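Data from work_21.cif: mmCIF, C-alpha atoms and all ligand atoms
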data_structure
#
loop_
_atom_site.label_atom_id
_atom_site.label_comp_id
_atom_site.auth_asym_id
_atom_site.auth_seq_id
_atom_site.Cartn_x
_atom_site.Cartn_y
_atom_site.Cartn_z
CA MET Y 47 -16.31 -4.70 -0.59
CA ARG Y 48 -14.27 -1.50 -0.51
CA ILE Y 49 -13.58 -0.15 2.98
CA ALA Y 50 -12.44 3.46 3.14
CA ARG Y 51 -11.58 5.84 5.95
CA PHE Y 52 -12.71 9.38 5.40
CA THR Y 53 -13.56 12.73 6.90
CA THR Y 54 -16.16 15.38 6.15
CA GLY Y 55 -14.20 17.82 8.29
CA GLU Y 56 -15.20 16.10 11.53
CA GLU Y 57 -13.75 12.99 13.20
CA PRO Y 58 -12.54 10.32 10.73
CA GLN Y 59 -15.07 7.56 9.98
CA PHE Y 60 -15.04 4.32 8.06
CA GLY Y 61 -17.35 3.56 5.18
CA VAL Y 62 -18.16 1.23 2.32
CA VAL Y 63 -17.54 2.63 -1.17
CA THR Y 64 -20.09 1.53 -3.77
CA GLY Y 65 -20.02 1.88 -7.56
CA ASP Y 66 -18.15 0.22 -10.41
CA LEU Y 67 -14.44 0.60 -11.06
CA ASP Y 68 -13.29 1.20 -14.64
CA GLU Y 69 -10.03 -0.14 -16.09
CA HIS Y 70 -8.20 3.01 -14.93
CA GLY Y 71 -9.30 2.60 -11.32
CA GLN Y 72 -11.88 5.40 -11.49
CA LEU Y 73 -15.31 4.93 -9.90
CA SER Y 74 -18.63 5.35 -11.69
CA GLU Y 75 -20.57 8.59 -11.20
CA ASP Y 76 -23.17 6.92 -8.96
CA ALA Y 77 -20.56 5.85 -6.37
CA VAL Y 78 -21.26 6.81 -2.77
CA ILE Y 79 -19.68 6.07 0.60
CA VAL Y 80 -21.96 4.48 3.21
CA ALA Y 81 -20.80 5.14 6.77
CA LEU Y 82 -19.92 2.34 9.19
CA ALA Y 83 -20.12 2.41 12.99
CA GLY Y 84 -16.51 2.22 14.17
CA ASP Y 85 -13.49 0.49 12.69
CA PRO Y 86 -14.58 -2.72 10.91
CA LEU Y 87 -11.25 -4.34 11.84
CA TYR Y 88 -12.32 -4.26 15.47
CA VAL Y 89 -16.13 -4.06 15.59
CA GLY Y 90 -17.12 -5.86 12.37
CA MET Y 91 -19.32 -4.41 9.64
CA LYS Y 92 -22.03 -2.25 11.18
CA VAL Y 93 -23.60 -0.29 8.33
CA LEU Y 94 -25.28 3.03 9.22
CA ASP Y 95 -27.93 4.78 7.17
CA THR Y 96 -25.72 7.81 6.42
CA GLU Y 97 -24.20 8.10 2.96
CA TYR Y 98 -22.08 10.71 1.24
CA ARG Y 99 -21.14 11.51 -2.32
CA LEU Y 100 -17.45 10.84 -2.81
CA PRO Y 101 -16.65 14.42 -3.92
CA ASP Y 102 -18.02 15.58 -0.55
CA VAL Y 103 -15.53 13.62 1.57
CA ARG Y 104 -11.76 13.48 1.88
CA LEU Y 105 -10.37 9.96 1.82
CA LEU Y 106 -7.72 9.16 4.43
CA ALA Y 107 -5.29 6.25 4.69
CA PRO Y 108 -7.72 3.29 4.90
CA VAL Y 109 -5.77 1.76 7.77
CA LEU Y 110 -3.43 3.13 10.42
CA PRO Y 111 -1.18 0.17 11.19
CA ARG Y 112 -1.28 -0.33 14.94
CA SER Y 113 2.23 -1.73 15.07
CA LYS Y 114 4.03 -1.99 11.72
CA VAL Y 115 4.34 -1.92 7.99
CA VAL Y 116 6.49 -4.82 6.84
CA GLY Y 117 8.23 -4.26 3.51
CA ILE Y 118 9.46 -7.02 1.25
CA GLY Y 119 12.53 -6.20 -0.83
CA ARG Y 120 13.41 -7.52 -4.30
CA ASN Y 121 10.31 -9.68 -4.75
CA TYR Y 122 10.35 -9.20 -8.54
CA ALA Y 123 13.43 -10.52 -10.38
CA ALA Y 124 13.52 -7.69 -12.93
CA HIS Y 125 13.50 -5.09 -10.13
CA ALA Y 126 16.33 -6.87 -8.27
CA ALA Y 127 18.28 -6.84 -11.56
CA GLU Y 128 17.73 -3.09 -12.13
CA LEU Y 129 19.20 -2.44 -8.67
CA GLY Y 130 22.17 -4.66 -9.58
CA GLN Y 131 21.17 -7.18 -6.89
CA ASP Y 132 20.51 -10.91 -6.82
CA VAL Y 133 17.12 -12.36 -5.98
CA PRO Y 134 17.10 -13.22 -2.25
CA PRO Y 135 16.85 -16.94 -1.35
CA GLU Y 136 14.01 -16.16 1.09
CA PRO Y 137 11.82 -13.04 1.53
CA LEU Y 138 13.91 -9.99 2.44
CA MET Y 139 12.06 -8.10 5.18
CA PHE Y 140 12.33 -4.55 6.44
CA LEU Y 141 10.10 -2.30 8.54
CA LYS Y 142 8.56 1.07 7.83
CA PRO Y 143 7.27 2.92 10.92
CA ASN Y 144 3.51 3.48 11.11
CA THR Y 145 4.30 7.20 11.21
CA SER Y 146 5.32 6.93 7.52
CA VAL Y 147 1.71 6.21 6.50
CA VAL Y 148 -0.28 8.91 4.68
CA GLY Y 149 -3.46 8.77 2.62
CA PRO Y 150 -4.62 9.42 -0.93
CA ASN Y 151 -3.77 12.92 -2.19
CA ASP Y 152 -1.64 13.68 0.87
CA PRO Y 153 1.75 15.24 0.12
CA VAL Y 154 4.91 13.13 0.16
CA PHE Y 155 7.65 15.32 1.58
CA TYR Y 156 11.05 15.37 -0.13
CA PRO Y 157 13.57 15.15 2.75
CA ARG Y 158 16.60 17.43 2.73
CA GLN Y 159 18.84 14.39 3.47
CA THR Y 160 18.34 12.80 0.01
CA GLN Y 161 18.98 13.74 -3.61
CA ASP Y 162 17.36 10.59 -5.06
CA LEU Y 163 13.75 10.09 -3.96
CA HIS Y 164 12.12 7.08 -5.70
CA TYR Y 165 8.59 5.73 -6.12
CA GLU Y 166 7.88 2.00 -5.74
CA GLY Y 167 4.33 1.04 -6.72
CA GLU Y 168 3.13 -2.00 -4.78
CA LEU Y 169 0.23 -4.19 -3.77
CA ALA Y 170 -0.31 -4.07 0.02
CA VAL Y 171 -1.85 -6.76 2.23
CA VAL Y 172 -3.85 -5.68 5.31
CA ILE Y 173 -3.87 -8.17 8.17
CA GLY Y 174 -7.25 -8.76 9.84
CA ARG Y 175 -6.44 -10.58 13.04
CA ILE Y 176 -3.69 -11.33 15.51
CA CYS Y 177 -1.63 -14.23 14.26
CA ARG Y 178 1.74 -15.92 14.27
CA ASP Y 179 3.24 -18.96 12.52
CA VAL Y 180 0.48 -18.90 9.89
CA PRO Y 181 0.79 -21.84 7.45
CA PRO Y 182 0.65 -20.62 3.82
CA GLU Y 183 -2.59 -22.53 3.22
CA GLN Y 184 -4.25 -20.55 6.06
CA ALA Y 185 -3.00 -17.11 5.00
CA THR Y 186 -6.39 -16.14 3.56
CA ASP Y 187 -7.92 -16.51 7.04
CA VAL Y 188 -5.75 -13.71 8.49
CA ILE Y 189 -5.97 -11.29 5.53
CA PHE Y 190 -8.57 -8.53 5.88
CA GLY Y 191 -8.04 -7.19 2.38
CA TYR Y 192 -5.75 -5.47 -0.09
CA THR Y 193 -4.84 -1.89 -0.87
CA VAL Y 194 -2.39 0.09 -2.98
CA ALA Y 195 0.93 1.40 -1.65
CA ASN Y 196 3.85 3.54 -2.69
CA ASP Y 197 6.98 2.32 -0.88
CA VAL Y 198 8.75 5.68 -1.17
CA THR Y 199 12.50 5.23 -0.86
CA ALA Y 200 15.52 7.54 -0.60
CA ARG Y 201 17.66 5.44 -2.94
CA ASP Y 202 20.97 7.15 -2.15
CA LEU Y 203 20.46 6.62 1.58
CA GLN Y 204 19.43 3.00 0.97
CA ARG Y 205 22.72 2.40 -0.87
CA GLY Y 206 24.80 4.09 1.82
CA ASP Y 207 23.14 2.78 4.98
CA VAL Y 208 23.44 -0.83 6.16
CA GLN Y 209 19.80 -0.77 7.33
CA PHE Y 210 16.84 0.47 5.27
CA THR Y 211 15.35 2.26 8.29
CA ARG Y 212 16.24 5.81 7.25
CA ALA Y 213 15.83 5.29 3.48
CA LYS Y 214 12.31 3.86 3.90
CA GLY Y 215 11.18 5.47 7.15
CA PHE Y 216 10.67 9.20 6.71
CA ASP Y 217 7.24 10.65 7.54
CA SER Y 218 4.96 10.39 4.45
CA PHE Y 219 7.04 7.58 2.84
CA CYS Y 220 4.13 5.10 2.90
CA PRO Y 221 1.07 6.37 1.02
CA LEU Y 222 -1.77 3.81 1.31
CA GLY Y 223 -5.21 3.77 -0.30
CA PRO Y 224 -7.61 4.70 -1.69
CA TRP Y 225 -9.49 1.95 0.20
CA ILE Y 226 -9.18 -1.71 1.23
CA GLU Y 227 -10.69 -4.24 -1.16
CA THR Y 228 -11.84 -7.23 0.91
CA ASP Y 229 -13.22 -9.49 -1.82
CA LEU Y 230 -10.08 -10.65 -3.63
CA ASP Y 231 -8.66 -14.15 -3.46
CA PRO Y 232 -4.84 -14.49 -3.19
CA GLN Y 233 -5.06 -16.80 -6.20
CA ASN Y 234 -5.93 -13.70 -8.29
CA PHE Y 235 -2.47 -12.34 -7.54
CA ILE Y 236 -0.77 -15.66 -8.31
CA ASP Y 237 -2.62 -15.69 -11.65
CA GLY Y 238 -1.52 -12.07 -12.19
CA VAL Y 239 -2.91 -8.62 -11.39
CA ARG Y 240 -1.53 -5.53 -13.12
CA VAL Y 241 0.49 -3.06 -11.01
CA GLN Y 242 1.22 0.24 -12.75
CA THR Y 243 2.83 3.50 -11.69
CA PHE Y 244 2.33 6.81 -13.51
CA LEU Y 245 4.67 9.77 -13.05
CA ASN Y 246 2.94 12.98 -14.16
CA GLY Y 247 0.61 10.77 -16.22
CA ASP Y 248 3.35 8.76 -17.98
CA VAL Y 249 3.55 5.03 -17.25
CA VAL Y 250 6.86 4.22 -15.53
CA GLN Y 251 6.11 0.80 -14.01
CA ASP Y 252 3.90 -1.84 -15.61
CA GLY Y 253 4.17 -5.19 -13.85
CA SER Y 254 2.12 -8.22 -12.91
CA THR Y 255 1.82 -9.83 -9.49
CA ALA Y 256 2.31 -13.14 -11.33
CA ASP Y 257 6.00 -12.18 -11.42
CA MET Y 258 6.36 -12.07 -7.63
CA ILE Y 259 9.10 -14.43 -6.50
CA PHE Y 260 7.33 -15.19 -3.21
CA ASP Y 261 3.52 -15.20 -3.37
CA ILE Y 262 1.26 -13.66 -0.73
CA PRO Y 263 0.61 -16.86 1.30
CA THR Y 264 4.38 -17.44 1.43
CA LEU Y 265 4.97 -13.84 2.58
CA VAL Y 266 2.33 -14.04 5.34
CA ALA Y 267 3.82 -17.35 6.51
CA HIS Y 268 7.37 -16.00 6.44
CA VAL Y 269 6.66 -12.72 8.22
CA SER Y 270 4.44 -14.34 10.85
CA SER Y 271 7.15 -16.92 11.58
CA VAL Y 272 9.28 -14.00 12.77
CA MET Y 273 6.85 -11.55 14.37
CA THR Y 274 3.26 -11.61 15.58
CA LEU Y 275 1.00 -9.74 13.19
CA LEU Y 276 -1.78 -7.53 14.58
CA PRO Y 277 -5.04 -6.38 12.99
CA GLY Y 278 -4.22 -3.45 10.73
CA ASP Y 279 -0.60 -4.41 10.16
CA VAL Y 280 0.39 -4.06 6.51
CA ILE Y 281 2.71 -6.12 4.32
CA LEU Y 282 4.09 -4.44 1.18
CA THR Y 283 4.66 -7.17 -1.40
CA GLY Y 284 7.51 -5.64 -3.40
CA THR Y 285 7.75 -3.51 -6.52
CA PRO Y 286 8.07 -4.44 -10.19
CA GLU Y 287 10.86 -3.03 -12.35
CA GLY Y 288 10.92 0.58 -13.45
CA VAL Y 289 11.63 2.43 -10.18
CA GLY Y 290 12.94 5.94 -10.65
CA PRO Y 291 13.25 9.43 -9.23
CA MET Y 292 10.57 11.97 -8.33
CA GLN Y 293 10.96 15.74 -8.00
CA VAL Y 294 9.09 18.32 -5.96
CA GLY Y 295 5.83 19.11 -7.76
CA ASP Y 296 5.54 15.69 -9.43
CA GLU Y 297 2.29 13.74 -9.29
CA ILE Y 298 2.76 10.03 -8.64
CA GLU Y 299 -0.08 7.52 -9.12
CA VAL Y 300 -0.02 3.80 -8.33
CA PHE Y 301 -2.78 1.65 -9.81
CA VAL Y 302 -3.55 -1.98 -8.95
CA ALA Y 303 -6.21 -3.54 -11.16
CA GLY Y 304 -9.37 -4.50 -9.27
CA ILE Y 305 -8.46 -2.32 -6.29
CA GLY Y 306 -7.99 1.27 -7.39
CA SER Y 307 -5.65 4.16 -7.86
CA LEU Y 308 -3.54 6.02 -5.28
CA THR Y 309 -2.28 9.51 -6.16
CA ASN Y 310 0.11 11.75 -4.22
CA ARG Y 311 2.17 14.84 -4.97
CA ILE Y 312 5.77 15.49 -3.97
CA ALA Y 313 6.20 18.58 -1.80
CA THR Y 314 8.69 20.39 0.37
CA ARG Y 315 7.90 20.75 4.01
MG MG Y 401 9.41 -1.75 -2.05
#
Before we go any further, please render this structure as structure tokens.
Amino acid sequence: MRIARFTTGEEPQFGVVTGDLDEHGQLSEDAVIVALAGDPLYVGMKVLDTEYRLPDVRLLAPVLPRSKVVGIGRNYAAHAAELGQDVPPEPLMFLKPNTSVVGPNDPVFYPRQTQDLHYEGELAVVIGRICRDVPPEQATDVIFGYTVANDVTARDLQRGDVQFTRAKGFDSFCPLGPWIETDLDPQNFIDGVRVQTFLNGDVVQDGSTADMIFDIPTLVAHVSSVMTLLPGDVILTGTPEGVGPMQVGDEIEVFVAGIGSLTNRIATR
């Protein structure tokens, strides 16, 4: 099931997106969004009898993390190598503030403090319930679903700062969407799901989740051994090789097979 958050100009609502997804992440013409009563993370799935055509709504970030977005650094060996770094012996964690989250088609603002703004296309895990010390074999029980993320990074600031907080934490540095897919098994990602990024339509990243160093159950176990996870918290699972710069006016699209496509444009404030 695809859970989206959307607005028709009024208060944001949640809904279920129907229709078939093609190999480019585009929905079939007959797709609609069926409204839900409240946030399904907290009230469960209560389907209403109101539905909208997708062109008549604006999709928003499908989740607003209540407490945190946890990033995982260098989880693909080829990406660690392109940064001139070794693969970490255990998952390398950092935090992005929830204020960095924006939705599909929202602008990503190019901060004046950087001259090297990068995209990082990633698979994102949405946590469904409060948990800590989750054993890897129980990770599926605490995962609500999966979405697409762009872990936008000011690469020059990341190199210069000891912490990643500034480089990863600006407002609009965490586009999420277009919806949360709840029906995938983590084994799909271990077997391999394609993660691609397109800059102005040209493919710049083309990876497979099979190349993750630490798989999703391991990441959930590791993060939850450090900090309690809350419903709506998000874990970014790392980016494949091919990261690179974006300029004002660029269109950046991240596609994860079986989930969908997330597009944003780079803007000045
Ligand atoms: Mg990243």
### Task
Give me the residues within 10 Å of Pro232 in chain Y as a list in words, counting only C-alpha atoms and dropping any in the same chain fewer than 5 places off.
Val171, Ala185, Thr186, Ile189, Gly191, Tyr192, Asp237, Gly238, Asp261, Ile262 and Pro263 of chain Y
Closest pair table for chain Y residues within 7 Å of ligand MG 401 (chain Y), all atoms listed in the file, as CSV:
residue,atom,partner,partner_atom,distance
Y:Gly117,CA,Y:MG401,MG,6.2
Y:Ile118,CA,Y:MG401,MG,6.2
Y:Gly119,CA,Y:MG401,MG,5.6
Y:Glu166,CA,Y:MG401,MG,5.5
Y:Glu168,CA,Y:MG401,MG,6.9
Y:Asp197,CA,Y:MG401,MG,4.9
Y:Leu282,CA,Y:MG401,MG,6.8
Y:Gly284,CA,Y:MG401,MG,4.5
Y:Thr285,CA,Y:MG401,MG,5.1
Write out, as a short mmCIF file (atom, residue, chain, number, x, y, z; two decimals), in the frame of the given file, the residues just selected, with C-alpha atoms.
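Output (result16.cif):
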data_model
loop_
_atom_site.label_atom_id
_atom_site.label_comp_id
_atom_site.auth_asym_id
_atom_site.auth_seq_id
_atom_site.Cartn_x
_atom_site.Cartn_y
_atom_site.Cartn_z
CA GLY Y 117 8.23 -4.26 3.51
CA ILE Y 118 9.46 -7.02 1.25
CA GLY Y 119 12.53 -6.20 -0.83
CA GLU Y 166 7.88 2.00 -5.74
CA GLU Y 168 3.13 -2.00 -4.78
CA ASP Y 197 6.98 2.32 -0.88
CA LEU Y 282 4.09 -4.44 1.18
CA GLY Y 284 7.51 -5.64 -3.40
CA THR Y 285 7.75 -3.51 -6.52
#
### Message
Residues near Val103 in chain Y, anyone? I mean within 7 Å using all atoms listed in the file, not counting same-chain ones fewer than 4 positions away, as a ChimeraX atom specification.
### Response
/Y:52-54
Show me as an mmCIF file with C-alpha atoms, in the frame of the given file the residues that reach within 12 Å of (6.7, -12.0, 14.5), counting all atoms listed in the file and using the file's own coordinates.
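Result file follows (point.cif):
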data_model
loop_
_atom_site.group_PDB
_atom_site.id
_atom_site.type_symbol
_atom_site.label_atom_id
_atom_site.label_comp_id
_atom_site.auth_asym_id
_atom_site.auth_seq_id
_atom_site.Cartn_x
_atom_site.Cartn_y
_atom_site.Cartn_z
ATOM 1 C CA SER Y 113 2.230 -1.730 15.070
ATOM 2 C CA LYS Y 114 4.030 -1.990 11.720
ATOM 3 C CA VAL Y 116 6.490 -4.820 6.840
ATOM 4 C CA MET Y 139 12.060 -8.100 5.180
ATOM 5 C CA LEU Y 141 10.100 -2.300 8.540
ATOM 6 C CA ILE Y 176 -3.690 -11.330 15.510
ATOM 7 C CA CYS Y 177 -1.630 -14.230 14.260
ATOM 8 C CA ARG Y 178 1.740 -15.920 14.270
ATOM 9 C CA ASP Y 179 3.240 -18.960 12.520
ATOM 10 C CA VAL Y 180 0.480 -18.900 9.890
ATOM 11 C CA VAL Y 266 2.330 -14.040 5.340
ATOM 12 C CA ALA Y 267 3.820 -17.350 6.510
ATOM 13 C CA HIS Y 268 7.370 -16.000 6.440
ATOM 14 C CA VAL Y 269 6.660 -12.720 8.220
ATOM 15 C CA SER Y 270 4.440 -14.340 10.850
ATOM 16 C CA SER Y 271 7.150 -16.920 11.580
ATOM 17 C CA VAL Y 272 9.280 -14.000 12.770
ATOM 18 C CA MET Y 273 6.850 -11.550 14.370
ATOM 19 C CA THR Y 274 3.260 -11.610 15.580
ATOM 20 C CA LEU Y 275 1.000 -9.740 13.190
ATOM 21 C CA LEU Y 276 -1.780 -7.530 14.580
ATOM 22 C CA ASP Y 279 -0.600 -4.410 10.160
#
Around all the atoms of range 168-185 of chain Y listed in the file, with 3 Å of room on each side, what axis-aligned box do you get, giving centre and edge lengths in Å to one decimal, as AutoDock Vina command-line options?
--center_x -2.0 --center_y -12.3 --center_z 5.4 --size_x 16.5 --size_y 26.5 --size_z 26.3
Would you pick out the contacts of Phe60 in chain Y at 7 Å or less, using only C-alpha atoms, so that residues sharing its chain but fewer than 3 positions from it are not included, and give the list as a PDB file with C-alpha atoms, in the frame of the given file?
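So around.pdb came out as:
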ATOM      1  CA  ILE Y  49     -13.580  -0.150   2.980  1.00  0.00           C
ATOM      2  CA  ALA Y  50     -12.440   3.460   3.140  1.00  0.00           C
ATOM      3  CA  ARG Y  51     -11.580   5.840   5.950  1.00  0.00           C
ATOM      4  CA  PHE Y  52     -12.710   9.380   5.400  1.00  0.00           C
ATOM      5  CA  ALA Y  81     -20.800   5.140   6.770  1.00  0.00           C
ATOM      6  CA  LEU Y  82     -19.920   2.340   9.190  1.00  0.00           C
ATOM      7  CA  GLY Y  84     -16.510   2.220  14.170  1.00  0.00           C
ATOM      8  CA  ASP Y  85     -13.490   0.490  12.690  1.00  0.00           C
TER       9      ASP Y  85
END
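Protein, DNA and RNA residues at most 9 Å from (2.9, 7.0, -12.8), with all atoms listed in the file, are these: Tyr165, Gly167, Gln242, Thr243, Phe244, Leu245, Asn246, Gly247, Asp248, Val249, Val250, Gln251, Glu297, Ile298, Glu299, Val300, Phe301 and Thr309 of chain Y.
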